[in-house]
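Student: File data_6.cif follows (mmCIF, C-alpha atoms):
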data_model
loop_
_atom_site.label_atom_id
_atom_site.label_comp_id
_atom_site.auth_asym_id
_atom_site.auth_seq_id
_atom_site.Cartn_x
_atom_site.Cartn_y
_atom_site.Cartn_z
CA MET I 24 1.58 -16.48 -6.63
CA ASP I 25 -0.85 -18.84 -8.19
CA HIS I 26 -4.33 -17.59 -8.87
CA ASP I 27 -6.13 -20.76 -7.81
CA GLN I 28 -4.59 -20.38 -4.39
CA LEU I 29 -5.87 -16.83 -4.21
CA SER I 30 -9.33 -17.89 -5.33
CA SER I 31 -9.55 -20.60 -2.72
CA THR I 32 -8.18 -18.27 -0.04
CA PHE I 33 -10.81 -15.65 -0.77
CA ALA I 34 -13.57 -18.26 -1.11
CA ALA I 35 -12.58 -19.74 2.24
CA LEU I 36 -12.62 -16.32 3.88
CA ALA I 37 -16.05 -15.50 2.48
CA ASP I 38 -17.88 -17.06 5.42
CA PRO I 39 -18.29 -15.69 8.95
CA THR I 40 -18.00 -19.11 10.64
CA ARG I 41 -14.74 -19.84 8.87
CA ARG I 42 -13.38 -16.41 9.73
CA ALA I 43 -14.32 -17.00 13.37
CA ILE I 44 -12.50 -20.35 13.27
CA LEU I 45 -9.42 -18.63 11.87
CA SER I 46 -9.58 -15.96 14.56
CA ARG I 47 -9.74 -18.66 17.21
CA LEU I 48 -6.78 -20.49 15.67
CA ALA I 49 -4.79 -17.27 15.57
CA THR I 50 -4.63 -17.53 19.35
CA GLY I 51 -3.27 -21.09 19.25
CA GLU I 52 -4.02 -24.61 18.10
CA ALA I 53 -7.32 -26.28 18.99
CA SER I 54 -9.17 -29.54 18.52
CA VAL I 55 -12.21 -29.78 16.29
CA THR I 56 -14.40 -30.13 19.37
CA GLU I 57 -12.94 -26.98 20.89
CA LEU I 58 -13.42 -25.11 17.65
CA ALA I 59 -17.05 -26.21 17.46
CA GLU I 60 -17.89 -25.05 20.99
CA PRO I 61 -18.76 -21.40 20.34
CA PHE I 62 -20.96 -22.24 17.38
CA ASP I 63 -24.56 -23.24 17.39
CA MET I 64 -24.02 -25.96 14.84
CA SER I 65 -23.31 -29.66 14.62
CA LEU I 66 -19.82 -31.09 14.71
CA PRO I 67 -20.13 -32.35 11.11
CA ALA I 68 -21.10 -28.83 10.01
CA VAL I 69 -18.01 -27.40 11.67
CA THR I 70 -15.92 -30.19 10.17
CA LYS I 71 -17.22 -29.21 6.76
CA HIS I 72 -16.05 -25.64 7.27
CA LEU I 73 -12.69 -26.93 8.45
CA LYS I 74 -12.33 -28.99 5.30
CA VAL I 75 -12.79 -25.84 3.21
CA LEU I 76 -10.12 -24.09 5.27
CA GLN I 77 -7.80 -27.07 4.91
CA ARG I 78 -8.28 -27.30 1.17
CA ALA I 79 -7.44 -23.61 0.94
CA GLY I 80 -4.28 -24.30 2.92
CA LEU I 81 -5.31 -21.93 5.69
CA VAL I 82 -5.52 -24.65 8.33
CA ILE I 83 -3.60 -27.86 8.80
CA GLN I 84 -4.63 -30.66 11.06
CA GLY I 85 -1.88 -32.45 12.94
CA ARG I 86 -1.58 -36.21 13.01
CA GLU I 87 0.72 -36.60 15.96
CA ALA I 88 -1.86 -36.55 18.76
CA GLN I 89 -5.10 -38.40 19.17
CA TRP I 90 -7.01 -35.12 19.28
CA ARG I 91 -5.48 -34.00 16.02
CA PRO I 92 -5.06 -30.29 16.71
CA CYS I 93 -5.86 -27.74 14.03
CA ARG I 94 -3.33 -25.03 13.30
CA LEU I 95 -3.45 -21.81 11.38
CA GLN I 96 -1.31 -21.48 8.28
CA ALA I 97 -0.79 -17.77 7.90
CA LYS I 98 1.03 -17.66 4.59
CA PRO I 99 -1.92 -17.83 2.15
CA MET I 100 -3.74 -15.12 4.05
CA ARG I 101 -0.69 -12.95 4.13
CA GLU I 102 -0.32 -13.44 0.39
CA ALA I 103 -3.95 -12.57 -0.16
CA ALA I 104 -3.58 -9.41 1.86
CA GLU I 105 -0.44 -8.51 -0.06
CA TRP I 106 -2.19 -9.12 -3.33
CA MET I 107 -4.94 -6.73 -2.35
CA GLU I 108 -2.78 -4.01 -0.96
CA PRO I 109 0.30 -3.30 -3.03
CA TYR I 110 -0.46 0.40 -3.18
CA ARG I 111 -0.82 0.65 0.56
CA ARG I 112 2.37 -1.29 1.09
CA HIS I 113 4.11 0.93 -1.38
CA TRP I 114 3.01 3.91 0.64
CA GLU I 115 4.19 2.45 3.89
CA GLN I 116 7.65 2.00 2.38
CA ARG I 117 7.61 5.51 1.02
CA LEU I 118 6.69 6.95 4.38
CA ASP I 119 9.49 4.97 6.00
CA ARG I 120 11.88 6.66 3.59
CA LEU I 121 10.27 10.03 4.26
CA GLU I 122 10.85 9.51 7.95
CA ASP I 123 14.49 8.58 7.33
CA TYR I 124 14.91 11.66 5.20
CA LEU I 125 13.45 13.95 7.85
CA ARG I 126 15.60 12.42 10.55
CA GLU I 127 18.69 12.80 8.43
CA THR I 128 18.10 16.40 7.48
CA ALA I 129 17.15 17.28 11.04
CA THR I 130 20.45 15.84 12.20
CA LYS I 131 22.36 17.78 9.63
CA GLY I 132 20.22 20.82 10.22
CA ALA I 133 20.05 21.09 6.48
CA ARG I 134 17.58 22.52 4.08
CA ARG I 135 14.52 22.50 6.17
CA PRO I 136 12.68 25.75 6.25
CA ARG I 137 11.41 25.33 9.79
CA GLN I 138 12.20 23.76 13.07
CA GLY I 139 10.20 20.61 13.00
CA ARG I 140 11.85 18.48 15.56
CA VAL I 141 9.83 17.67 18.64
CA LYS I 142 12.14 15.47 20.63
CA MET P 27 -4.98 -10.35 -19.46
CA SER P 28 -7.50 -10.69 -22.31
CA SER P 29 -10.25 -11.72 -19.89
CA HIS P 30 -9.69 -8.43 -18.09
CA ALA P 31 -9.79 -6.24 -21.14
CA ARG P 32 -11.73 -3.05 -20.44
CA SER P 33 -12.46 -4.00 -16.85
CA VAL P 34 -12.40 -1.49 -13.99
CA LYS P 35 -12.03 -2.35 -10.34
CA HIS P 36 -12.08 0.12 -7.51
CA GLY P 37 -10.16 0.27 -4.31
CA SER P 38 -9.29 2.77 -1.65
CA PHE P 39 -7.28 3.08 1.50
CA VAL P 40 -6.27 5.53 4.18
CA ILE P 41 -2.88 5.61 5.84
CA GLU P 42 -2.19 7.75 8.87
CA ARG P 43 1.21 8.31 10.34
CA LEU P 44 2.51 10.58 13.07
CA PHE P 45 5.74 12.44 12.53
CA ASN P 46 7.81 14.32 15.08
CA TYR P 47 8.20 17.16 12.62
CA ASP P 48 5.94 20.10 12.02
CA PRO P 49 3.65 20.44 8.98
CA GLY P 50 6.12 22.85 7.37
CA ALA P 51 8.88 20.26 7.39
CA LEU P 52 6.55 17.59 6.04
CA PHE P 53 5.15 19.82 3.35
CA HIS P 54 8.66 20.79 2.31
CA ALA P 55 9.62 17.14 1.96
CA TRP P 56 6.67 16.66 -0.35
CA THR P 57 7.07 19.73 -2.48
CA ASP P 58 10.78 20.50 -2.76
CA PRO P 59 12.23 18.63 -5.75
CA LYS P 60 15.50 17.70 -4.06
CA ALA P 61 13.79 16.69 -0.85
CA LYS P 62 11.19 14.66 -2.66
CA ALA P 63 13.74 12.87 -4.78
CA ARG P 64 15.30 11.56 -1.61
CA TRP P 65 12.33 9.46 -0.63
CA PHE P 66 9.83 9.40 -3.47
CA ASN P 67 11.43 6.85 -5.74
CA GLY P 68 11.77 3.17 -6.49
CA PRO P 69 14.01 0.79 -4.57
CA ALA P 70 17.62 1.92 -4.92
CA ASP P 71 18.87 -1.51 -5.94
CA LYS P 72 16.13 -2.24 -8.48
CA TRP P 73 15.08 0.99 -10.06
CA THR P 74 16.62 3.98 -11.79
CA GLU P 75 15.01 7.31 -12.41
CA ASP P 76 14.83 8.53 -16.00
CA VAL P 77 12.61 11.58 -15.77
CA ARG P 78 11.38 13.62 -12.85
CA GLU P 79 9.32 16.74 -13.35
CA MET P 80 7.35 18.61 -10.75
CA ASP P 81 5.05 21.61 -10.73
CA VAL P 82 3.15 21.90 -7.50
CA ARG P 83 0.27 24.28 -8.09
CA VAL P 84 -3.35 23.86 -9.05
CA GLY P 85 -3.31 22.55 -12.60
CA GLY P 86 0.41 21.77 -12.36
CA ARG P 87 1.70 18.36 -13.35
CA ASP P 88 4.22 15.86 -12.09
CA ARG P 89 5.91 13.13 -14.07
CA LEU P 90 8.12 10.37 -12.83
CA ILE P 91 9.47 7.80 -15.24
CA GLY P 92 11.82 5.05 -14.29
CA LYS P 93 13.09 1.61 -15.20
CA PHE P 94 13.44 -1.54 -13.19
CA VAL P 95 16.41 -3.84 -13.53
CA ASP P 96 14.32 -6.14 -15.72
CA GLY P 97 13.91 -3.28 -18.18
CA SER P 98 10.24 -2.62 -17.58
CA GLU P 99 9.23 1.00 -17.50
CA SER P 100 6.86 2.67 -15.09
CA ARG P 101 5.41 6.08 -15.60
CA PHE P 102 3.53 8.22 -13.13
CA GLU P 103 1.64 11.30 -14.32
CA ALA P 104 -0.11 13.52 -11.84
CA GLN P 105 -2.08 16.71 -11.85
CA TYR P 106 -2.70 18.86 -8.79
CA PHE P 107 -6.21 19.97 -8.01
CA ASP P 108 -5.70 21.57 -4.64
CA VAL P 109 -2.59 22.92 -2.97
CA VAL P 110 -2.81 24.49 0.47
CA PRO P 111 0.68 25.04 1.89
CA GLU P 112 1.33 23.03 5.02
CA ARG P 113 -2.23 21.76 5.01
CA ARG P 114 -3.28 19.78 1.98
CA LEU P 115 -2.41 18.40 -1.44
CA VAL P 116 -5.01 16.85 -3.71
CA TYR P 117 -3.97 15.37 -7.02
CA THR P 118 -4.97 12.73 -9.49
CA TYR P 119 -2.48 10.41 -11.05
CA ASP P 120 -2.30 7.88 -13.85
CA MET P 121 0.05 4.94 -13.59
CA TYR P 122 1.47 3.39 -16.71
CA TRP P 123 3.44 0.21 -16.90
CA GLN P 124 5.17 -0.66 -20.14
CA GLY P 125 3.13 2.07 -21.82
CA LYS P 126 -0.20 0.65 -20.66
CA LYS P 127 -2.38 2.73 -18.40
CA ILE P 128 -3.07 0.51 -15.42
CA SER P 129 -4.75 2.81 -12.94
CA VAL P 130 -6.27 6.22 -12.39
CA SER P 131 -6.24 7.48 -8.83
CA LEU P 132 -7.19 10.36 -6.60
CA ALA P 133 -4.80 11.11 -3.76
CA SER P 134 -5.50 13.45 -0.87
CA ILE P 135 -2.62 14.28 1.43
CA GLU P 136 -3.47 16.04 4.68
CA PHE P 137 -0.95 17.58 7.03
CA VAL P 138 -2.56 17.95 10.44
CA ALA P 139 -0.64 19.75 13.16
CA GLN P 140 -0.42 17.51 16.15
CA GLY P 141 0.66 18.41 19.65
CA LYS P 142 3.81 20.48 19.86
CA GLY P 143 5.55 20.48 16.51
CA GLY P 144 4.24 17.13 15.32
CA THR P 145 2.20 16.27 12.26
CA LYS P 146 -0.38 13.65 11.50
CA LEU P 147 -0.04 12.77 7.87
CA ILE P 148 -3.20 11.33 6.33
CA VAL P 149 -2.92 9.75 2.90
CA THR P 150 -6.20 8.80 1.26
CA GLU P 151 -6.13 7.12 -2.13
CA GLN P 152 -9.00 6.07 -4.32
CA HIS P 153 -8.16 3.96 -7.32
CA ALA P 154 -9.74 2.79 -10.52
CA PHE P 155 -7.68 -0.19 -11.63
CA LEU P 156 -7.91 -0.84 -15.32
CA ASP P 157 -7.98 -4.10 -17.22
CA GLY P 158 -7.09 -6.42 -14.39
CA TYR P 159 -4.16 -4.43 -13.05
CA GLU P 160 -5.50 -4.09 -9.53
CA ASP P 161 -2.19 -5.47 -8.36
CA GLY P 162 -0.28 -2.76 -10.15
CA GLY P 163 0.87 -5.14 -12.86
CA SER P 164 3.03 -7.11 -10.49
CA ARG P 165 1.69 -10.47 -11.59
CA GLU P 166 2.76 -9.80 -15.13
CA ARG P 167 6.10 -8.54 -14.03
CA GLY P 168 6.50 -11.61 -11.91
CA THR P 169 7.53 -9.65 -8.88
CA LEU P 170 5.93 -7.30 -6.44
CA GLY P 171 8.88 -5.01 -6.92
CA LEU P 172 7.04 -3.02 -9.53
CA ILE P 173 4.92 -1.57 -6.82
CA ASP P 174 7.95 0.16 -5.51
CA ASN P 175 7.62 2.54 -8.35
CA LEU P 176 3.90 2.89 -8.40
CA GLY P 177 1.87 5.75 -7.73
CA VAL P 178 1.91 8.92 -6.25
CA ALA P 179 4.12 11.73 -6.90
CA LEU P 180 4.01 13.28 -3.61
CA GLY P 181 4.81 16.80 -3.80
CA GLY P 182 7.05 18.06 -6.47
CA GLY P 183 7.74 21.56 -7.49
CA ASP P 184 9.32 24.39 -5.71
CA THR P 185 10.21 25.19 -2.15
CA ARG P 186 7.94 28.15 -2.38
CA ILE P 187 4.62 26.83 -3.43
CA PRO P 188 3.14 29.01 -6.11
CA ARG P 189 -0.38 30.11 -5.37
CA SER P 190 -2.82 30.02 -8.19
#
Let me see whether you can do it: turn the structure in this file into structure tokens.

Tutor:
Amino acid sequence: MDHDQLSSTFAALADPTRRAILSRLATGEASVTELAEPFDMSLPAVTKHLKVLQRAGLVIQGREAQWRPCRLQAKPMREAAEWMEPYRRHWEQRLDRLEDYLRETATKGARRPRQGRVK
Amino acid sequence: MSSHARSVKHGSFVIERLFNYDPGALFHAWTDPKAKARWFNGPADKWTEDVREMDVRVGGRDRLIGKFVDGSESRFEAQYFDVVPERRLVYTYDMYWQGKKISVSLASIEFVAQGKGGTKLIVTEQHAFLDGYEDGGSRERGTLGLIDNLGVALGGGDTRIPRS
């Protein structure tokens, strides 16, 4: 993935207001006015934060309705998380295989030194 | 990578998972060579094992070398610092990719008996990523698949864990 995208994703996430906006959008689309409600700041200030999120590709604003709803774009964040956590992900895959292995050998009753099965 | 030359970045994580098998079964899967080879490896369709050596005891070393379909080589070299049968494994490991050392890590594996015959497995890893390879080299390889061979020789060695 392209590094500039990662940089803008992380830069966009490096602000509590913008993270709160993203959390709100994770529950569904919202208008700019709705997004501004919980914050003690002016509408233009919130709009400014939204622009950062839009430039980073984390939020898109629809054109179809008059109220122009904002929507979360999850992909860049997912990519950022993946970029940060390859070792963890690697482990998760390994442990999946470990679980498969244990299930298989338990079924066969093979090679395990002890009874480990609970169910 | 020149801008990253001689850089070190640090990262850590903890993974916990519950298994319906007792600590003995889990520990066996981590320390018996045949058992370990079944799950501690790269993706079957993308990676082939060249060398696997295991010696699970304090001071003992593991090595796992393999190649991906694109020809790139990964090498894992570990040394055990603490081995408590059915309880704990602590080891350090170096990861190499294409002969370059890309990370040095400390891994602590805890096997915690849980309920009746279950085990909570706790994997804690602390990494020093070298020279910009905090992504395990996957950017240079052009695919995240490399990660499938990274890190961590769990277990290794003998069914009967030698005490030292």

Student: Report the residues retrieved by the PyMOL selection byres ((chain P) within 6 of (chain I)) from the displayed file, expressed as a JSON list (two decimals) with C-alpha atoms, in the coordinates of the input.

Tutor:
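Saved as selection.json:
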[["chain", "number", "residue", "atom", "x", "y", "z"],
["P", 46, "ASN", "CA", 7.81, 14.32, 15.08],
["P", 47, "TYR", "CA", 8.20, 17.16, 12.62],
["P", 48, "ASP", "CA", 5.94, 20.10, 12.02],
["P", 51, "ALA", "CA", 8.88, 20.26, 7.39],
["P", 65, "TRP", "CA", 12.33, 9.46, -0.63],
["P", 143, "GLY", "CA", 5.55, 20.48, 16.51],
["P", 174, "ASP", "CA", 7.95, 0.16, -5.51]]

Student: What are the centre and the three edge lengths of an axis-aligned box that wraps all atoms of region 46-51 of chain P in the file, given that 5 Å is added to every side, written as JSON and rounded to one decimal in Å?

Tutor:
{"center_x": 6.3, "center_y": 18.6, "center_z": 11.2, "size_x": 15.2, "size_y": 18.5, "size_z": 17.7}

Student: Which distance in Å separates CA of Gln84 (chain I) and CA of Thr56 (chain I), to one decimal?

Tutor: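 Computed distance, CA of Gln84 (chain I) to CA of Thr56 (chain I), equals 12.8 Å.
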
Student: Would you mind reading off the distance between CA of Ala53 (chain I) and CA of Arg78 (chain I), one decimal, in Å?

Tutor: 17.9 Å

Student: Could you pull the residues within 12 Å of Ile148 (chain P), counting all atoms listed in the file, minus those fewer than 6 positions along the same chain, as a ChimeraX atom specification?

Tutor: /I:114-115,118 /P:39-45,49,52,113-116,133-140

Student: With a distance cut-off of 9 Å and only C-alpha atoms, select the neighbouring residues of Lys72 (chain P), excluding the residue or stretch itself and same-chain residues fewer than 5 positions from it, and output the selection as an NGL selection string.

Tutor: :P and (93-96 or 171)

Student: May I ask for the distance between CA of Pro111 (chain P) and CA of Pro59 (chain P), given in Å to one decimal place?

Tutor: 15.3 Å

Student: Hey, which of P:Phe107, P:Ser98, P:Asn67, P:Lys62 ends up closest to Val84 (chain P)? Count only C-alpha atoms.

Tutor: P:Phe107

Student: Translate the PyMOL selection byres ((chain P and resi 118) around 12), as applied to the file shown, into an explicit residue set as a PyMOL selection string.

Tutor: chain P and resi 84-89+102-108+115-117+119-121+129-135+150-154+177-180

Student: Which polymer residues, protein or nucleic acid, are no farther than 6 Å from (11.0, 9.8, -9.7), counting all atoms listed in the file, as a list in words?

Tutor: Asn67, Glu75, Arg78 and Leu90 of chain P

Student: Restricting the calculation to only C-alpha atoms, which member of P:Val149, P:Ala31, P:Val110, P:Val82 is positioned closest to Asp58 (chain P)?

Tutor: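 Going through P:Val149, P:Ala31, P:Val110, P:Val82 one by one, the smallest distance to Asp58 (chain P) is for P:Val82.
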
Student: Which residue out of I:Gln77, I:Gln96, I:Ser30, I:Ser65 has the minimum interatomic distance to Gly51 (chain I) when only C-alpha atoms are used?

Tutor: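 Distance minimum relative to Gly51 (chain I) lands on I:Gln96.
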
Student: Of the candidates P:Ile128, P:Met80, P:Gly141, P:Glu112, which shows the shortest atom-to-atom distance to Gly50 (chain P), using all atoms listed in the file?

Tutor: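 The shortest atom-to-atom distance to Gly50 (chain P) comes from P:Glu112.
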
Student: When distances are computed from all atoms listed in the file, which of I:Ala79, I:Leu66, I:Ala49, I:Val55 shows the smallest separation from Cys93 (chain I)?

Tutor: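 Ranked by minimum distance to Cys93 (chain I), first place goes to I:Val55.
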
Student: Mind checking which residues fall within 12 Å of region 38-42 of chain I, counting all atoms listed in the file, ignoring those fewer than 5 positions away in the same chain, and posting them as an NGL selection string?

Tutor: :I and (32-33 or 47-49 or 58-64 or 68-77 or 79 or 81-82 or 95 or 100)

Student: Take the residues just selected and output them with C-alpha atoms as a PDB file, in the coordinates of the input.

Tutor:
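Saved as result_34.pdb:
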ATOM      1  CA  THR I  32      -8.180 -18.270  -0.040  1.00  0.00           C
ATOM      2  CA  PHE I  33     -10.810 -15.650  -0.770  1.00  0.00           C
ATOM      3  CA  ARG I  47      -9.740 -18.660  17.210  1.00  0.00           C
ATOM      4  CA  LEU I  48      -6.780 -20.490  15.670  1.00  0.00           C
ATOM      5  CA  ALA I  49      -4.790 -17.270  15.570  1.00  0.00           C
ATOM      6  CA  LEU I  58     -13.420 -25.110  17.650  1.00  0.00           C
ATOM      7  CA  ALA I  59     -17.050 -26.210  17.460  1.00  0.00           C
ATOM      8  CA  GLU I  60     -17.890 -25.050  20.990  1.00  0.00           C
ATOM      9  CA  PRO I  61     -18.760 -21.400  20.340  1.00  0.00           C
ATOM     10  CA  PHE I  62     -20.960 -22.240  17.380  1.00  0.00           C
ATOM     11  CA  ASP I  63     -24.560 -23.240  17.390  1.00  0.00           C
ATOM     12  CA  MET I  64     -24.020 -25.960  14.840  1.00  0.00           C
ATOM     13  CA  ALA I  68     -21.100 -28.830  10.010  1.00  0.00           C
ATOM     14  CA  VAL I  69     -18.010 -27.400  11.670  1.00  0.00           C
ATOM     15  CA  THR I  70     -15.920 -30.190  10.170  1.00  0.00           C
ATOM     16  CA  LYS I  71     -17.220 -29.210   6.760  1.00  0.00           C
ATOM     17  CA  HIS I  72     -16.050 -25.640   7.270  1.00  0.00           C
ATOM     18  CA  LEU I  73     -12.690 -26.930   8.450  1.00  0.00           C
ATOM     19  CA  LYS I  74     -12.330 -28.990   5.300  1.00  0.00           C
ATOM     20  CA  VAL I  75     -12.790 -25.840   3.210  1.00  0.00           C
ATOM     21  CA  LEU I  76     -10.120 -24.090   5.270  1.00  0.00           C
ATOM     22  CA  GLN I  77      -7.800 -27.070   4.910  1.00  0.00           C
ATOM     23  CA  ALA I  79      -7.440 -23.610   0.940  1.00  0.00           C
ATOM     24  CA  LEU I  81      -5.310 -21.930   5.690  1.00  0.00           C
ATOM     25  CA  VAL I  82      -5.520 -24.650   8.330  1.00  0.00           C
ATOM     26  CA  LEU I  95      -3.450 -21.810  11.380  1.00  0.00           C
ATOM     27  CA  MET I 100      -3.740 -15.120   4.050  1.00  0.00           C
TER      28      MET I 100
END

Student: Evaluated on this file, the PyMOL selection byres ((chain P and resi 100) around 6) picks out some residues - which ones are they, written as a list of chain:residue names?

Tutor: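 Selected by the PyMOL selection byres ((chain P and resi 100) around 6) in this file: P:Ile91, P:Gly92, P:Glu99, P:Arg101, P:Tyr122, P:Trp123.
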